[in-house]
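*Asks:* Have a look at the structure that comes next, please.
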Amino acid sequence: MSKDRVTAAADIESLESGMEQHLEVASQWQLIRWKFFRHKLAVVSAFVILVLYMAALFATFLSPYDPQTRTGDVYAPPQLPRFMNTADGFGLYVYGIDETLDMQTFRRTYTLDTDRTYRLQFFVHGEPHKILWVPTTLRFFGVEEGGRLYFMGTDRLGRDIFSRVMIGARISLSIGLVGVALSLILGLIIGGISGYFGGTADTVIQRIIEVLHSFPTIPLWMALGAAIPRSWPPELVYVAITVVLSLIGWTGLARVVRGRLLSLRNDDFVYAARMSGASEWRIIRRHLLPSFASHIIASVTLAIPGMILAETSLSFLGLGLQPPVVSWGTLLQASQNINAVVMAPWLMLPGALVIITVLAFNFVGDGLRDAADPYSEIGS
């Protein structure tokens, strides 16, 4: 028995030695990737984000209805398909829906008719739409003629909330990426000037950042959002909202870049590049910024949910995108009416998507932030 223990201990020691040698020759990006995949919650969150963006990309294909289609079922509750074994065979079915109207309160009540079942079908033809700019009538799923399927219920006009949430994801998710991309450009340029050159430029830039940080966020959003003319077309309002959020959101990234440049600008490799005749901008672009690119990626990932929340808040307050444009913020406008929420609590479901998305980005950002310093736990 003791001989087996000695052999096992030797095998473990040999394995650990091989792993240490493997780590010693690995590149920084390999170490970052290995450390990130050890963060299980971040990996799961990254998968959730990928699913959300793929769903937004193919939103029209995954939606059973057009987002503006009025089905006639006002405030119909959510209805999920269930497995049944009927005369048509085993599969996913939904029950029929019976509607009654209270003539005193004018409130509609929906009940399931278990005597009527409709089979859930995949790859069916429905209302025309476009998949990646290609016109088609093909949709991922639907129900037999006469049946109705509402995963998240309907709104006050009888429009399917699930279809509207899918379409709204395009704007709410894309505005985070586009806004952060613009903030990244501003943050890298302004933060690079502040951190590398210092002096008067650094003082002026930091005072500007402090002034921007001194304003309460929501009133500042409201003031800038209110400056956007209501007569502008939706596409122009989308661009304006993105620019507004970027003009406010660049300050955090600029400070990250400034802090890293202050710690690196006097290192030996910077002196070597300067002595070889490299220009200041080349030193910043080719030597300094790539040396902490992982930290920039982590900061950008953590900034995206802030952009999504900002657009949702502006649209919710009526200062951002306006109907008929569909975003998660405009969908949540219906929940401002407490009576509507009491009658149809499923109107709050778009907020659950916002929460899931923000949490997923935060978990991924935490994982990237930890992985951005891969040498902190080598050998642990």
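By order of appearance in the structure tokens: chains A, B, ..., then residues from 1 within every chain, and ligands from 1 in the order shown.
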List the spatial neighbours of A:Tyr93 as a list in words - criterion: any atom at most 6 Å away, only C-alpha atoms, same-chain residues fewer than 6 positions off excluded.

*Replies:*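 What passes the distance filter is Pro81, Arg82, Tyr118, Arg119 and Leu120 of chain A.
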
*Asks:* Would you save the residues from that selection as a PDB file, in the first residue's frame, using N, CA and C atoms?

*Replies:*
```pdb
ATOM      1  N   PRO A  81     -46.492  25.940 -24.498  1.00  0.00           N
ATOM      2  CA  PRO A  81     -46.889  24.632 -25.042  1.00  0.00           C
ATOM      3  C   PRO A  81     -46.547  23.515 -24.059  1.00  0.00           C
ATOM      4  N   ARG A  82     -47.227  22.422 -24.190  1.00  0.00           N
ATOM      5  CA  ARG A  82     -46.998  21.273 -23.318  1.00  0.00           C
ATOM      6  C   ARG A  82     -47.051  19.994 -24.153  1.00  0.00           C
ATOM      7  N   TYR A 118     -53.946  22.554 -30.363  1.00  0.00           N
ATOM      8  CA  TYR A 118     -53.301  22.953 -31.616  1.00  0.00           C
ATOM      9  C   TYR A 118     -51.823  22.593 -31.518  1.00  0.00           C
ATOM     10  N   ARG A 119     -51.336  21.918 -32.523  1.00  0.00           N
ATOM     11  CA  ARG A 119     -49.975  21.408 -32.512  1.00  0.00           C
ATOM     12  C   ARG A 119     -48.974  22.525 -32.801  1.00  0.00           C
ATOM     13  N   LEU A 120     -47.882  22.527 -32.039  1.00  0.00           N
ATOM     14  CA  LEU A 120     -46.788  23.468 -32.294  1.00  0.00           C
ATOM     15  C   LEU A 120     -45.959  22.947 -33.463  1.00  0.00           C
TER      16      LEU A 120
END
```

*Asks:* Got a sec: who's within 10 Å of A:Leu182, counting only C-alpha atoms, leaving out chain neighbours fewer than 6 positions off, as number ranges by chain?

*Replies:* A: 242-243, 245-247, 249-250

*Asks:* For A:Val325, work out the shell of residues within 12 Å, counting only C-alpha atoms and skipping chain neighbours fewer than 3 positions away, then give it as number ranges by chain.

*Replies:* A: 67-68, 164-165, 167-172, 233-238, 315, 318, 320-322, 328-331

*Asks:* So which residues of stretch 61-200 of chain A fall under strand (DSSP E) by DSSP, listed as an MDAnalysis selection string?

*Replies:* chainID A and resid 82:86 89:101 108:131 134:143

*Asks:* Could you please take those selected residues and save C-alpha atoms as a JSON list (two decimals), in the first residue's frame?

*Replies:*
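Written out: out-v5.json:
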```json
[["chain", "number", "residue", "atom", "x", "y", "z"],
["A", 82, "ARG", "CA", -47.00, 21.27, -23.32],
["A", 83, "PHE", "CA", -46.30, 17.70, -24.37],
["A", 84, "MET", "CA", -49.49, 15.78, -25.15],
["A", 85, "ASN", "CA", -50.49, 12.52, -26.78],
["A", 86, "THR", "CA", -53.52, 13.28, -28.95],
["A", 89, "GLY", "CA", -49.80, 11.94, -32.28],
["A", 90, "PHE", "CA", -47.37, 12.83, -29.50],
["A", 91, "GLY", "CA", -45.89, 16.32, -29.54],
["A", 92, "LEU", "CA", -46.08, 19.89, -28.30],
["A", 93, "TYR", "CA", -49.56, 21.39, -28.20],
["A", 94, "VAL", "CA", -51.35, 24.47, -26.90],
["A", 95, "TYR", "CA", -54.95, 24.66, -25.73],
["A", 96, "GLY", "CA", -57.54, 26.88, -27.31],
["A", 97, "ILE", "CA", -58.34, 30.19, -25.62],
["A", 98, "ASP", "CA", -61.85, 31.40, -24.74],
["A", 99, "GLU", "CA", -62.38, 35.10, -24.06],
["A", 100, "THR", "CA", -65.12, 36.65, -21.92],
["A", 101, "LEU", "CA", -65.76, 40.39, -21.46],
["A", 108, "ARG", "CA", -61.32, 40.57, -20.49],
["A", 109, "THR", "CA", -60.89, 37.16, -18.93],
["A", 110, "TYR", "CA", -59.18, 34.30, -20.75],
["A", 111, "THR", "CA", -59.69, 30.62, -20.00],
["A", 112, "LEU", "CA", -58.15, 27.53, -21.58],
["A", 113, "ASP", "CA", -60.40, 25.23, -23.57],
["A", 114, "THR", "CA", -58.91, 21.78, -22.98],
["A", 115, "ASP", "CA", -61.17, 20.28, -25.63],
["A", 116, "ARG", "CA", -59.31, 22.16, -28.35],
["A", 117, "THR", "CA", -55.62, 21.53, -28.98],
["A", 118, "TYR", "CA", -53.30, 22.95, -31.62],
["A", 119, "ARG", "CA", -49.98, 21.41, -32.51],
["A", 120, "LEU", "CA", -46.79, 23.47, -32.29],
["A", 121, "GLN", "CA", -45.06, 23.37, -35.68],
["A", 122, "PHE", "CA", -41.52, 24.27, -36.66],
["A", 123, "PHE", "CA", -40.29, 26.02, -39.82],
["A", 124, "VAL", "CA", -43.70, 27.33, -40.81],
["A", 125, "HIS", "CA", -44.65, 30.10, -43.21],
["A", 126, "GLY", "CA", -46.16, 33.25, -41.74],
["A", 127, "GLU", "CA", -46.04, 36.99, -42.17],
["A", 128, "PRO", "CA", -43.31, 38.24, -44.54],
["A", 129, "HIS", "CA", -40.10, 39.53, -42.99],
["A", 130, "LYS", "CA", -36.36, 39.64, -43.64],
["A", 131, "ILE", "CA", -33.58, 37.40, -42.33],
["A", 134, "VAL", "CA", -33.23, 38.47, -47.28],
["A", 135, "PRO", "CA", -37.05, 38.59, -47.75],
["A", 136, "THR", "CA", -38.86, 35.43, -46.64],
["A", 137, "THR", "CA", -42.01, 34.16, -44.97],
["A", 138, "LEU", "CA", -40.30, 31.32, -43.07],
["A", 139, "ARG", "CA", -40.47, 31.44, -39.28],
["A", 140, "PHE", "CA", -38.94, 29.10, -36.72],
["A", 141, "PHE", "CA", -42.19, 28.02, -35.10],
["A", 142, "GLY", "CA", -45.92, 28.59, -35.06],
["A", 143, "VAL", "CA", -49.18, 26.81, -34.30]]
```

*Asks:* Output as a count of residues only all residues of stretch 135-261 of chain A that backbone DSSP marks as helix (DSSP H, G or I).

*Replies:* 91

*Asks:* Compile the contact shell of stretch 173-177 of chain A as number ranges by chain: residues with an atom at most 6 Å away, counting only C-alpha atoms, same-chain residues fewer than 4 positions apart removed.

*Replies:* A: 169, 304, 307-308

*Asks:* When distances are computed from only C-alpha atoms, which of A:Glu311, A:Gly187, A:Gly259, A:Ser279 shows the smallest separation from A:Ala240?

*Replies:*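 Smallest separation from A:Ala240 among the options: A:Glu311.
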
*Asks:* Which value, in Å to one decimal, gives the distance between atom CA of A:Trp133 and atom CA of A:Val358?

*Replies:*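 For atom CA of A:Trp133 relative to atom CA of A:Val358, the distance reads 28.6 Å.
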
*Asks:* Might you pull out every residue within 10 Å of A:Trp221, with only C-alpha atoms counted and same-chain residues fewer than 5 positions away left off, and present them as an MDAnalysis selection string?

*Replies:* chainID A and resid 215:216 226:227 241 244:245 248 310:311 313:314 319:320

*Asks:* Can you pull out every residue within 12 Å of A:Glu210, counting only C-alpha atoms, but drop anything in the same chain fewer than 5 positions away, and send it as a list in words?

*Replies:*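 Neighbouring residues, sequence-local ones excluded: Thr203, Val204, Ile205, Phe215, Ile248, Thr251, Gly252, Ala254 and Arg255 of chain A.
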
*Asks:* From the set A:Gly225, A:Gly72, A:Gly351, A:Pro305, which residue has the shortest atom-to-atom contact distance to A:Asp160, counting only C-alpha atoms?

*Replies:* A:Gly72

*Asks:* One number please: atom CA of A:Ser45 to atom CA of A:Val364, in Å, one decimal.

*Replies:*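 According to the coordinates, atom CA of A:Ser45 and atom CA of A:Val364 are separated by 6.0 Å.
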
*Asks:* Neighbouring residues of A:Leu253 were defined as those with any atom within 10 Å, considering only C-alpha atoms; residues of the same chain fewer than 2 positions away were excluded. Please report them as JSON, numbers by chain.

*Replies:* {"A": [180, 183, 184, 185, 186, 187, 188, 190, 191, 249, 250, 251, 255, 256, 257, 258, 259, 296, 299, 300, 303]}

*Asks:* Please write the residues from the selection above to a file, keeping N, CA and C atoms, as an mmCIF file, in the first residue's frame.

*Replies:*
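Output below, filename out-v9.cif:
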```cif
data_model
loop_
_atom_site.group_PDB
_atom_site.id
_atom_site.type_symbol
_atom_site.label_atom_id
_atom_site.label_comp_id
_atom_site.auth_asym_id
_atom_site.auth_seq_id
_atom_site.Cartn_x
_atom_site.Cartn_y
_atom_site.Cartn_z
ATOM 1 N N VAL A 180 -20.373 51.774 -26.690
ATOM 2 C CA VAL A 180 -19.082 51.489 -26.061
ATOM 3 C C VAL A 180 -17.953 51.600 -27.076
ATOM 4 N N SER A 183 -17.222 55.182 -27.185
ATOM 5 C CA SER A 183 -16.563 55.546 -25.921
ATOM 6 C C SER A 183 -15.127 55.029 -25.883
ATOM 7 N N LEU A 184 -14.914 53.855 -26.472
ATOM 8 C CA LEU A 184 -13.565 53.288 -26.514
ATOM 9 C C LEU A 184 -12.619 54.182 -27.306
ATOM 10 N N ILE A 185 -13.085 54.666 -28.454
ATOM 11 C CA ILE A 185 -12.244 55.554 -29.270
ATOM 12 C C ILE A 185 -11.915 56.830 -28.509
ATOM 13 N N LEU A 186 -12.933 57.450 -27.921
ATOM 14 C CA LEU A 186 -12.700 58.673 -27.152
ATOM 15 C C LEU A 186 -11.811 58.411 -25.942
ATOM 16 N N GLY A 187 -12.073 57.297 -25.234
ATOM 17 C CA GLY A 187 -11.288 56.988 -24.039
ATOM 18 C C GLY A 187 -9.829 56.729 -24.346
ATOM 19 N N LEU A 188 -9.570 55.993 -25.438
ATOM 20 C CA LEU A 188 -8.182 55.696 -25.800
ATOM 21 C C LEU A 188 -7.430 56.959 -26.202
ATOM 22 N N ILE A 190 -8.266 60.335 -25.626
ATOM 23 C CA ILE A 190 -8.160 61.347 -24.566
ATOM 24 C C ILE A 190 -7.376 60.815 -23.374
ATOM 25 N N GLY A 191 -7.632 59.566 -22.989
ATOM 26 C CA GLY A 191 -6.867 58.990 -21.884
ATOM 27 C C GLY A 191 -5.402 58.810 -22.226
ATOM 28 N N GLY A 249 -20.078 58.341 -21.445
ATOM 29 C CA GLY A 249 -19.487 57.092 -20.974
ATOM 30 C C GLY A 249 -17.996 56.930 -21.204
ATOM 31 N N TRP A 250 -17.326 57.876 -21.861
ATOM 32 C CA TRP A 250 -15.909 57.686 -22.174
ATOM 33 C C TRP A 250 -15.005 57.965 -20.974
ATOM 34 N N THR A 251 -15.525 58.632 -19.960
ATOM 35 C CA THR A 251 -14.657 59.116 -18.882
ATOM 36 C C THR A 251 -14.039 57.971 -18.076
ATOM 37 N N ARG A 255 -9.875 57.152 -17.787
ATOM 38 C CA ARG A 255 -9.102 57.092 -16.549
ATOM 39 C C ARG A 255 -8.343 55.771 -16.424
ATOM 40 N N VAL A 256 -8.949 54.680 -16.914
ATOM 41 C CA VAL A 256 -8.242 53.396 -16.918
ATOM 42 C C VAL A 256 -7.000 53.498 -17.793
ATOM 43 N N VAL A 257 -7.151 54.054 -19.000
ATOM 44 C CA VAL A 257 -6.016 54.195 -19.924
ATOM 45 C C VAL A 257 -4.964 55.115 -19.325
ATOM 46 N N ARG A 258 -5.398 56.221 -18.739
ATOM 47 C CA ARG A 258 -4.451 57.161 -18.143
ATOM 48 C C ARG A 258 -3.633 56.495 -17.037
ATOM 49 N N GLY A 259 -4.306 55.764 -16.157
ATOM 50 C CA GLY A 259 -3.588 55.121 -15.051
ATOM 51 C C GLY A 259 -2.562 54.113 -15.532
ATOM 52 N N ILE A 296 -8.175 46.730 -21.023
ATOM 53 C CA ILE A 296 -9.125 47.535 -21.789
ATOM 54 C C ILE A 296 -10.354 46.699 -22.138
ATOM 55 N N SER A 299 -12.537 46.356 -19.125
ATOM 56 C CA SER A 299 -13.249 47.603 -18.829
ATOM 57 C C SER A 299 -14.386 47.845 -19.802
ATOM 58 N N VAL A 300 -14.151 47.523 -21.081
ATOM 59 C CA VAL A 300 -15.195 47.695 -22.093
ATOM 60 C C VAL A 300 -16.370 46.770 -21.810
ATOM 61 N N ALA A 303 -18.498 48.105 -19.227
ATOM 62 C CA ALA A 303 -19.186 49.347 -19.602
ATOM 63 C C ALA A 303 -20.429 49.101 -20.443
#
```

*Asks:* Looking at A:Leu347, A:Leu80, A:Ala42, A:Ile338, which one is nearest to A:Asp370, with distances taken over only C-alpha atoms?

*Replies:* A:Ala42

*Asks:* Nearest to A:Arg207 among A:Ser194, A:Tyr271, A:Gln30, A:Gln336, with distances taken over only C-alpha atoms: which residue is it?

*Replies:* A:Ser194

*Asks:* Expressed in Å to a single decimal, how great is the separation between atom CA of A:Ala201 and atom CA of A:Arg282?

*Replies:* 19.0 Å
